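Structure file coords17.csv; described as CSV, C-alpha atoms.
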chain,number,residue,atom,x,y,z
A,1,ASN,CA,0.0,0.0,0.0
A,2,GLN,CA,1.5,3.3,-1.1
A,3,VAL,CA,0.0,5.2,1.7
A,4,SER,CA,2.4,3.6,4.2
A,5,ILE,CA,5.4,4.5,2.0
A,6,PRO,CA,7.0,7.8,3.0
A,7,TYR,CA,6.4,10.5,0.4
A,8,SER,CA,10.1,10.8,-0.3
A,9,LEU,CA,10.4,7.1,-1.3
A,10,ARG,CA,7.2,6.8,-3.4
A,11,PRO,CA,8.2,5.5,-6.8
A,12,THR,CA,8.3,7.9,-9.7
A,13,ALA,CA,6.7,7.1,-13.1
A,14,LEU,CA,10.2,6.4,-14.4
A,15,GLN,CA,10.9,3.9,-11.6
A,16,ARG,CA,7.7,2.1,-12.3
A,17,ALA,CA,8.4,2.0,-16.1
A,18,THR,CA,12.1,1.3,-16.2
A,19,PRO,CA,13.8,-1.9,-15.0
A,20,HIS,CA,16.6,-1.0,-12.6
A,21,HIS,CA,18.5,-2.3,-9.6
A,22,PRO,CA,16.3,-2.0,-6.5
A,23,TRP,CA,19.1,-0.4,-4.4
A,24,LEU,CA,18.6,2.8,-6.4
A,25,ASP,CA,15.1,3.1,-4.7
A,26,VAL,CA,16.6,3.8,-1.3
A,27,PHE,CA,17.4,7.4,-2.0
A,28,PRO,CA,14.7,9.8,-0.7
A,29,PHE,CA,15.2,12.1,-3.6
A,30,PRO,CA,12.9,11.3,-6.6
A,31,CYS,CA,14.9,13.3,-9.0
A,32,MET,CA,18.2,11.7,-8.0
A,33,ARG,CA,16.6,8.2,-8.4
A,34,ASP,CA,15.4,9.2,-11.9
A,35,ASN,CA,18.8,10.6,-12.8
A,36,LEU,CA,20.5,7.4,-11.7
A,37,ILE,CA,18.0,5.2,-13.6
A,38,GLN,CA,18.3,7.3,-16.7
A,39,ALA,CA,22.0,6.8,-16.7
A,40,GLY,CA,21.5,3.2,-17.4
A,41,ASP,CA,24.7,1.4,-18.3
A,42,ASP,CA,26.6,4.6,-18.1
A,43,LEU,CA,26.3,4.5,-14.3
A,44,ASP,CA,29.3,2.7,-12.7
A,45,ASP,CA,27.1,1.3,-9.9
A,46,ASP,CA,30.1,-0.6,-8.4
A,47,GLU,CA,32.0,2.6,-8.0
A,48,LEU,CA,29.0,4.4,-6.6
A,49,CYS,CA,28.3,1.6,-4.2
A,50,HIS,CA,31.9,1.7,-3.1
A,51,ASP,CA,31.7,5.4,-2.3
A,52,LEU,CA,28.5,4.9,-0.4
A,53,THR,CA,30.0,2.1,1.7
A,54,ALA,CA,33.6,3.4,1.9
A,55,PHE,CA,33.6,3.3,5.7
A,56,TRP,CA,33.5,-0.5,5.4
A,57,ASP,CA,36.3,-0.7,2.7
A,58,THR,CA,40.0,-0.4,3.0
A,59,ARG,CA,40.2,1.8,-0.1
A,60,SER,CA,39.9,5.4,0.8
A,61,SER,CA,37.1,7.6,-0.5
A,62,ASN,CA,35.9,11.0,0.6
A,63,ALA,CA,33.1,10.9,-2.0
A,64,THR,CA,30.4,9.8,0.5
A,65,LEU,CA,26.8,10.5,1.5
A,66,LEU,CA,26.1,11.0,5.2
A,67,VAL,CA,22.8,10.3,6.8
A,68,TRP,CA,22.2,12.0,10.1
A,69,GLY,CA,18.8,10.5,11.1
A,70,THR,CA,15.9,8.5,9.6
A,71,PRO,CA,17.0,7.7,6.1
A,72,TRP,CA,13.6,8.4,4.4
A,73,ASP,CA,13.7,12.0,5.5
A,74,PRO,CA,15.6,14.1,2.9
A,75,LYS,CA,16.6,16.7,5.5
A,76,ASN,CA,18.9,14.1,7.1
A,77,TRP,CA,21.1,13.6,4.1
A,78,GLU,CA,24.4,15.4,3.3
A,79,VAL,CA,26.8,15.0,0.4
A,80,THR,CA,30.5,15.6,0.9
A,81,GLU,CA,32.1,18.1,-1.5
A,82,GLU,CA,34.0,15.2,-3.1
A,83,PHE,CA,30.7,13.3,-3.7
A,84,ALA,CA,29.1,16.4,-5.2
A,85,LYS,CA,32.1,16.8,-7.6
A,86,LYS,CA,32.3,13.2,-8.5
A,87,TRP,CA,28.6,12.3,-8.7
A,88,GLY,CA,27.1,15.8,-9.2
A,89,VAL,CA,25.5,14.9,-12.5
A,90,PHE,CA,23.0,12.8,-10.5
A,91,LEU,CA,22.3,15.7,-8.1
A,92,ARG,CA,21.1,18.1,-10.9
A,93,GLY,CA,17.5,19.1,-10.3
A,94,CYS,CA,17.6,17.8,-6.7
A,95,PRO,CA,17.3,21.0,-4.5
A,96,GLU,CA,16.4,19.0,-1.4
A,97,ILE,CA,19.8,17.3,-1.0
A,98,LEU,CA,21.6,20.6,-1.8
A,99,ARG,CA,19.6,22.5,0.9
A,100,SER,CA,20.0,19.7,3.4
A,101,THR,CA,23.8,19.5,2.8
A,102,ASN,CA,24.3,23.1,3.4
A,103,SER,CA,22.1,23.0,6.5
A,104,TRP,CA,24.3,20.3,8.0
A,105,ARG,CA,27.4,22.2,7.0
A,106,ALA,CA,26.1,25.4,8.7
A,107,ARG,CA,25.4,23.4,11.9
A,108,ARG,CA,29.1,22.6,12.1
A,109,GLY,CA,30.1,26.1,11.3
A,110,GLU,CA,31.4,25.1,7.8
A,111,ARG,CA,31.0,27.2,4.7
A,112,PRO,CA,28.2,26.2,2.3
A,113,LEU,CA,29.0,24.4,-0.9
A,114,VAL,CA,28.5,26.6,-3.9
A,115,TRP,CA,26.5,24.4,-6.2
A,116,GLU,CA,27.0,26.5,-9.3
A,117,ARG,CA,30.8,26.1,-9.0
A,118,ILE,CA,30.5,22.3,-8.4
A,119,PHE,CA,28.1,21.8,-11.3
A,120,ALA,CA,30.3,24.0,-13.5
A,121,SER,CA,33.2,21.6,-12.9
A,122,ILE,CA,31.2,18.5,-14.0
A,123,ASP,CA,31.8,17.2,-17.5
A,124,ILE,CA,28.5,16.3,-19.0

Please go through the file and, once you have read it, give me the structure as structure tokens.
Amino acid sequence: NQVSIPYSLRPTALQRATPHHPWLDVFPFPCMRDNLIQAGDDLDDDELCHDLTAFWDTRSSNATLLVWGTPWDPKNWEVTEEFAKKWGVFLRGCPEILRSTNSWRARRGERPLVWERIFASIDI
């Protein structure tokens, strides 16, 4: 029953229509999920998965996502600057994760990420 699914995790039309790996459905950002699904075979899902689970791996990666609370609440997610630079193409059109990231940075007294600069550095 879709009523019990948090709004942020409800499937998009693209998710319903396009076969994709189910682990992409865990992100509480509909636009990000669609961006990942649209990438198809161009998405290096092994590399993305490594970056998301880098804390369990001996290889070093600073391109990570941080979740500071319940994972279905978009306000609890933060991308590192390295993640934004490496995977920013999948963040385009996803203002919730951009606002949340800078909110968490502000709480720590860090400067906000300047998204225009990050997106300008991405080769598309």

**Request:** Select, from A:Arg117, A:Phe90, A:Leu52, A:Trp104, the residue with the minimum atom-to-atom distance to Trp23 (chain A), counting only C-alpha atoms.
**Result:**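 For Trp23 (chain A), the nearest of the candidates is A:Leu52.
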
**Message:** So that I can see what lies close to Leu113 (chain A), please list as a PyMOL selection string the residues with an atom at most 9 Å from it, counting all atoms listed in the file and leaving out residues fewer than 6 positions away in the same chain.
**Reply:** chain A and resi 81+98+101-102+105

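Across the structure, CA of Ala39 (chain A) and CA of Asn76 (chain A) are spaced 25.1 Å apart.
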
**Prompt:** So how many Å separate CA of Val79 (chain A) and CA of Phe27 (chain A), to one decimal?
**Reply:**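 About the pair CA of Val79 (chain A) and CA of Phe27 (chain A): they are 12.3 Å apart.
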
**Asked** Quick one: residues within 8 Å of region 6-12 of chain A, only C-alpha atoms counted, chain neighbours fewer than 2 positions away excluded, as a list in words?
**Response**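 Contacts, with the query itself left out: Gln2, Val3, Ser4, Leu14, Gln15, Arg16, Asp25, Val26, Phe27, Pro28, Phe29, Pro30, Asp34, Trp72, Asp73 and Pro74 of chain A.
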
**Item:** Distance in Å - CA of Trp115 (chain A) versus CA of Trp68 (chain A)
**Value:** 20.9 Å

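Omitting Leu91 (chain A) and its sequence neighbours fewer than 6 positions away, and counting only C-alpha atoms, the residues within 10 Å are Phe29, Cys31, Met32, Arg33, Asn35, Leu36, Val79, Phe83, Ala84, Lys85, Ile97, Leu98, Trp115 and Phe119 of chain A.
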
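The shortest atom-to-atom distance to Pro95 (chain A), with all atoms listed in the file taken into account, belongs to A:Lys75 out of A:His21, A:Lys75, A:His50, A:Arg111.
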